[in-house]
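Pasting input_1.pdb here (PDB, C-alpha atoms and all ligand atoms):
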```pdb
ATOM      1  CA  MET A1358       0.000   0.000   0.000
ATOM      2  CA  ILE A1359       1.350   3.401  -0.995
ATOM      3  CA  VAL A1360       0.448   6.372   1.148
ATOM      4  CA  THR A1361       0.958   9.796  -0.302
ATOM      5  CA  ALA A1362       1.054  13.009   1.606
ATOM      6  CA  PRO A1363      -1.930  15.268   1.077
ATOM      7  CA  ALA A1364      -1.437  18.329  -1.029
ATOM      8  CA  PRO A1365      -0.663  21.405   1.030
ATOM      9  CA  THR A1366      -3.827  23.267   1.855
ATOM     10  CA  THR A1367      -2.329  26.372   3.326
ATOM     11  CA  ARG A1368      -1.954  29.445   1.214
ATOM     12  CA  PRO A1369       1.022  31.729   1.420
ATOM     13  CA  VAL A1370       0.631  34.476   3.981
ATOM     14  CA  LEU A1371       0.522  37.890   2.397
ATOM     15  CA  VAL A1372       2.122  40.515   4.599
ATOM     16  CA  VAL A1373       0.952  43.986   3.696
ATOM     17  CA  PRO A1374       1.521  46.629   6.349
ATOM     18  CA  TYR A1375      -0.711  49.666   6.491
ATOM     19  CA  PRO A1376       1.088  52.537   4.754
ATOM     20  CA  PRO A1377       2.526  55.426   6.712
ATOM     21  CA  THR A1378       0.008  58.221   7.097
ATOM     22  CA  THR A1379       0.315  61.910   7.731
ATOM     23  CA  GLY A1380      -3.060  62.412   9.363
ATOM     24  CA  THR A1381      -4.125  64.636   6.507
ATOM     25  CA  GLU A1382      -5.632  61.884   4.346
ATOM     26  CA  PRO A1383      -9.175  62.792   3.311
ATOM     27  CA  CYS A1384     -10.725  60.063   5.465
ATOM     28  CA  ARG A1385      -9.113  61.591   8.548
ATOM     29  CA  THR A1386     -10.957  64.859   8.185
ATOM     30  CA  ASP A1387     -14.503  63.521   7.908
ATOM     31  CA  PRO A1388     -14.407  59.814   8.740
ATOM     32  CA  GLU A1389     -18.182  59.364   8.851
ATOM     33  CA  ASP A1390     -18.336  59.600   5.055
ATOM     34  CA  TRP A1391     -16.068  56.527   4.842
ATOM     35  CA  PHE A1392     -18.751  54.411   6.512
ATOM     36  CA  PRO A1393     -21.657  55.568   4.366
ATOM     37  CA  GLU A1394     -23.988  52.607   4.918
ATOM     38  CA  LYS A1395     -26.768  53.409   2.467
ATOM     39  CA  ASN A1396     -25.986  57.090   1.964
ATOM     40  CA  PRO A1397     -25.049  57.562  -1.713
ATOM     41  CA  ALA A1398     -23.935  61.165  -1.194
ATOM     42  CA  ALA A1399     -21.530  60.153   1.585
ATOM     43  CA  LEU A1400     -20.232  57.272  -0.527
ATOM     44  CA  ALA A1401     -19.570  59.641  -3.418
ATOM     45  CA  ARG A1402     -17.671  62.031  -1.116
ATOM     46  CA  ALA A1403     -15.600  59.160   0.270
ATOM     47  CA  GLN A1404     -14.740  57.815  -3.158
ATOM     48  CA  LEU A1405     -13.807  61.273  -4.385
ATOM     49  CA  GLY A1406     -11.582  61.730  -1.347
ATOM     50  CA  CYS A1407      -9.902  58.375  -1.919
ATOM     51  CA  ALA A1408      -9.325  59.241  -5.576
ATOM     52  CA  GLU A1409      -7.239  62.219  -4.448
ATOM     53  CA  CYS A1410      -5.437  60.391  -1.629
ATOM     54  CA  PRO A1411      -1.673  59.911  -2.080
ATOM     55  CA  ILE A1412      -1.681  56.536  -0.325
ATOM     56  CA  ARG A1413      -4.689  55.107  -2.139
ATOM     57  CA  ILE A1414      -2.979  52.126  -3.753
ATOM     58  CA  ALA A1415      -1.183  51.096  -0.578
ATOM     59  CA  CYS A1416      -4.379  51.589   1.432
ATOM     60  CA  LEU A1417      -6.338  49.401  -0.978
ATOM     61  CA  ALA A1418      -3.608  46.751  -0.946
ATOM     62  CA  TRP A1419      -3.823  46.661   2.843
ATOM     63  CA  ALA A1420      -7.617  46.398   2.770
ATOM     64  CA  LEU A1421      -7.490  43.544   0.254
ATOM     65  CA  ALA A1422      -4.942  41.709   2.394
ATOM     66  CA  HIS A1423      -6.963  42.281   5.589
ATOM     67  CA  PRO A1424     -10.592  41.643   4.653
ATOM     68  CA  ARG A1425     -11.646  41.069   8.247
ATOM     69  CA  ASP A1426     -10.102  44.295   9.509
ATOM     70  CA  ALA A1427     -11.524  46.150   6.518
ATOM     71  CA  ALA A1428     -14.898  44.431   6.501
ATOM     72  CA  HIS A1429     -16.762  47.714   6.568
ATOM     73  CA  GLY A1430     -16.413  51.109   5.008
ATOM     74  CA  VAL A1431     -14.593  52.527   2.024
ATOM     75  CA  TRP A1432     -10.879  51.722   1.733
ATOM     76  CA  GLY A1433      -8.830  52.814  -1.226
ATOM     77  CA  GLY A1434     -12.000  54.019  -2.908
ATOM     78  CA  LEU A1435     -13.715  50.632  -2.899
ATOM     79  CA  THR A1436     -16.762  49.500  -0.954
ATOM     80  CA  PRO A1437     -16.833  46.132   0.830
ATOM     81  CA  GLU A1438     -18.769  44.694  -2.131
ATOM     82  CA  ASP A1439     -16.215  46.112  -4.576
ATOM     83  CA  ARG A1440     -13.360  44.575  -2.581
ATOM     84  CA  THR A1441     -15.052  41.187  -2.301
ATOM     85  CA  SER A1442     -15.578  41.154  -6.042
ATOM     86  CA  LEU A1443     -11.990  42.202  -6.712
ATOM     87  CA  ILE A1444     -10.607  39.546  -4.364
ATOM     88  CA  ALA A1445     -12.683  36.886  -6.139
ATOM     89  CA  THR A1446     -11.431  38.100  -9.501
ATOM     90  CA  LEU A1447      -7.819  38.091  -8.354
ATOM     91  CA  ALA A1448      -8.180  34.625  -6.801
ATOM     92  CA  ALA A1449      -9.785  33.091  -9.877
ATOM     93  CA  PRO A1450      -7.534  30.850 -11.930
ATOM     94  CA  ALA A1451      -6.166  32.417 -15.055
ATOM     95  CA  ALA A1452      -8.074  31.482 -18.167
TER      96      ALA A1452
HETATM   97  S1  LIG B   1      -7.295  55.806   0.196
HETATM   98 FE1  LIG B   1      -7.372  55.000   2.292
HETATM   99  S2  LIG B   1      -6.239  56.504   3.536
HETATM  100 FE2  LIG B   1      -6.778  57.491   1.592
HETATM  101  S3  LIG B   1      -8.703  58.545   1.957
HETATM  102 FE3  LIG B   1      -9.210  56.516   1.136
HETATM  103  S4  LIG B   1      -9.507  55.206   2.933
HETATM  104 FE4  LIG B   1      -8.421  57.065   3.615
END
```

Please go through the file and, once you have read it, give me the structure as structure tokens.
Amino acid sequence: MIVTAPAPTTRPVLVVPYPPTTGTEPCRTDPEDWFPEKNPAALARAQLGCAECPIRIACLAWALAHPRDAAHGVWGGLTPEDRTSLIATLAAPAA
């Protein structure tokens, strides 16, 4: 009888630290807009602020790598639904 080891089931750990901030990022000045719930005007303000933020890409990378910590609110300009969709797209096997 030949016994083979099971295929590894663990995925590599992605270490993405939160980027250095200055405290002047748009979300720091009016944080309520970054948790807009069902307020389309607040969501639009948050996404506009993120679009102008100098650490947007690093912020989004952190949020994608930490879905539990970033389960709510707008991070890097994306809503939780946007991030879930993006993570699924990135995790899908290449065609
Ligand atoms: S990109 Fe991140 S740090 Fe910048 S405003 Fe948006 S949520 Fe805040």

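For the set A:Cys1384, A:Ala1401, A:Val1373, A:Ile1359, the residue with the smallest atom-to-atom gap to ligand LIG 1 (chain B) is A:Cys1384, counting all atoms listed in the file.
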
Taking only C-alpha atoms into account, which of A:Cys1410, A:Met1358, A:Ala1445, A:Cys1416 comes nearest Pro1377 in chain A? A:Cys1416

Return as JSON, numbers by chain the residues of protein, DNA or RNA that approach ligand LIG 1 (chain B) to within 12 Å, with all atoms listed in the file taken into account. {"A": [1375, 1376, 1377, 1378, 1379, 1380, 1381, 1382, 1383, 1384, 1385, 1386, 1387, 1388, 1389, 1390, 1391, 1392, 1400, 1401, 1402, 1403, 1404, 1405, 1406, 1407, 1408, 1409, 1410, 1411, 1412, 1413, 1414, 1415, 1416, 1417, 1418, 1419, 1420, 1421, 1427, 1429, 1430, 1431, 1432, 1433, 1434, 1435, 1436, 1437]}

Provide the CA of Asp1426 in chain A to CA of Asn1396 in chain A distance in Å, to one decimal place. 21.7 Å

Record the distance separating CA of Ala1422 in chain A and CA of Ala1452 in chain A, expressed in Å with one decimal. 23.2 Å

Distance of CA of Leu1371 in chain A from CA of Pro1424 in chain A, expressed in Å to one decimal place: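 Spanning CA of Pro1424 in chain A to CA of Leu1371 in chain A is a straight-line distance of 11.9 Å.
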
Residue rebuild result range 1368-1392 of chain A, N, CA and C atoms as a JSON list (two decimals), in the frame of the given file:
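Final output, saved to out36.json:
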```json
[["chain", "number", "residue", "atom", "x", "y", "z"],
["A", 1368, "ARG", "N", -2.34, 28.47, 2.22],
["A", 1368, "ARG", "CA", -1.95, 29.44, 1.21],
["A", 1368, "ARG", "C", -0.84, 30.32, 1.78],
["A", 1369, "PRO", "N", -0.03, 30.85, 0.92],
["A", 1369, "PRO", "CA", 1.02, 31.73, 1.42],
["A", 1369, "PRO", "C", 0.41, 32.91, 2.16],
["A", 1370, "VAL", "N", 1.10, 33.33, 3.20],
["A", 1370, "VAL", "CA", 0.63, 34.48, 3.98],
["A", 1370, "VAL", "C", 1.12, 35.75, 3.30],
["A", 1371, "LEU", "N", 0.19, 36.63, 3.04],
["A", 1371, "LEU", "CA", 0.52, 37.89, 2.40],
["A", 1371, "LEU", "C", 0.68, 38.96, 3.48],
["A", 1372, "VAL", "N", 1.87, 39.51, 3.58],
["A", 1372, "VAL", "CA", 2.12, 40.52, 4.60],
["A", 1372, "VAL", "C", 2.10, 41.89, 3.93],
["A", 1373, "VAL", "N", 1.10, 42.64, 4.26],
["A", 1373, "VAL", "CA", 0.95, 43.99, 3.70],
["A", 1373, "VAL", "C", 0.71, 44.95, 4.86],
["A", 1374, "PRO", "N", 1.72, 45.68, 5.25],
["A", 1374, "PRO", "CA", 1.52, 46.63, 6.35],
["A", 1374, "PRO", "C", 0.71, 47.84, 5.89],
["A", 1375, "TYR", "N", 0.01, 48.45, 6.84],
["A", 1375, "TYR", "CA", -0.71, 49.67, 6.49],
["A", 1375, "TYR", "C", 0.32, 50.76, 6.19],
["A", 1376, "PRO", "N", 0.08, 51.54, 5.14],
["A", 1376, "PRO", "CA", 1.09, 52.54, 4.75],
["A", 1376, "PRO", "C", 1.21, 53.65, 5.79],
["A", 1377, "PRO", "N", 2.36, 54.28, 5.82],
["A", 1377, "PRO", "CA", 2.53, 55.43, 6.71],
["A", 1377, "PRO", "C", 1.53, 56.52, 6.34],
["A", 1378, "THR", "N", 0.98, 57.15, 7.33],
["A", 1378, "THR", "CA", 0.01, 58.22, 7.10],
["A", 1378, "THR", "C", 0.53, 59.53, 7.67],
["A", 1379, "THR", "N", -0.06, 60.60, 7.22],
["A", 1379, "THR", "CA", 0.32, 61.91, 7.73],
["A", 1379, "THR", "C", -0.77, 62.49, 8.63],
["A", 1380, "GLY", "N", -1.93, 61.87, 8.62],
["A", 1380, "GLY", "CA", -3.06, 62.41, 9.36],
["A", 1380, "GLY", "C", -3.86, 63.41, 8.56],
["A", 1381, "THR", "N", -3.41, 63.68, 7.36],
["A", 1381, "THR", "CA", -4.12, 64.64, 6.51],
["A", 1381, "THR", "C", -4.89, 63.93, 5.38],
["A", 1382, "GLU", "N", -4.89, 62.60, 5.37],
["A", 1382, "GLU", "CA", -5.63, 61.88, 4.35],
["A", 1382, "GLU", "C", -7.11, 62.29, 4.44],
["A", 1383, "PRO", "N", -7.78, 62.33, 3.30],
["A", 1383, "PRO", "CA", -9.18, 62.79, 3.31],
["A", 1383, "PRO", "C", -10.07, 62.08, 4.32],
["A", 1384, "CYS", "N", -9.85, 60.79, 4.53],
["A", 1384, "CYS", "CA", -10.72, 60.06, 5.46],
["A", 1384, "CYS", "C", -10.50, 60.48, 6.91],
["A", 1385, "ARG", "N", -9.40, 61.16, 7.17],
["A", 1385, "ARG", "CA", -9.11, 61.59, 8.55],
["A", 1385, "ARG", "C", -9.88, 62.85, 8.92],
["A", 1386, "THR", "N", -10.29, 63.59, 7.89],
["A", 1386, "THR", "CA", -10.96, 64.86, 8.18],
["A", 1386, "THR", "C", -12.46, 64.70, 8.40],
["A", 1387, "ASP", "N", -13.07, 63.73, 7.74],
["A", 1387, "ASP", "CA", -14.50, 63.52, 7.91],
["A", 1387, "ASP", "C", -14.79, 62.03, 7.83],
["A", 1388, "PRO", "N", -14.36, 61.28, 8.83],
["A", 1388, "PRO", "CA", -14.41, 59.81, 8.74],
["A", 1388, "PRO", "C", -15.81, 59.24, 8.57],
["A", 1389, "GLU", "N", -16.83, 59.94, 8.97],
["A", 1389, "GLU", "CA", -18.18, 59.36, 8.85],
["A", 1389, "GLU", "C", -18.54, 59.06, 7.40],
["A", 1390, "ASP", "N", -18.04, 59.86, 6.46],
["A", 1390, "ASP", "CA", -18.34, 59.60, 5.06],
["A", 1390, "ASP", "C", -17.75, 58.27, 4.59],
["A", 1391, "TRP", "N", -16.72, 57.77, 5.27],
["A", 1391, "TRP", "CA", -16.07, 56.53, 4.84],
["A", 1391, "TRP", "C", -16.82, 55.29, 5.34],
["A", 1392, "PHE", "N", -17.87, 55.50, 6.09],
["A", 1392, "PHE", "CA", -18.75, 54.41, 6.51],
["A", 1392, "PHE", "C", -20.17, 54.83, 6.15]]
```
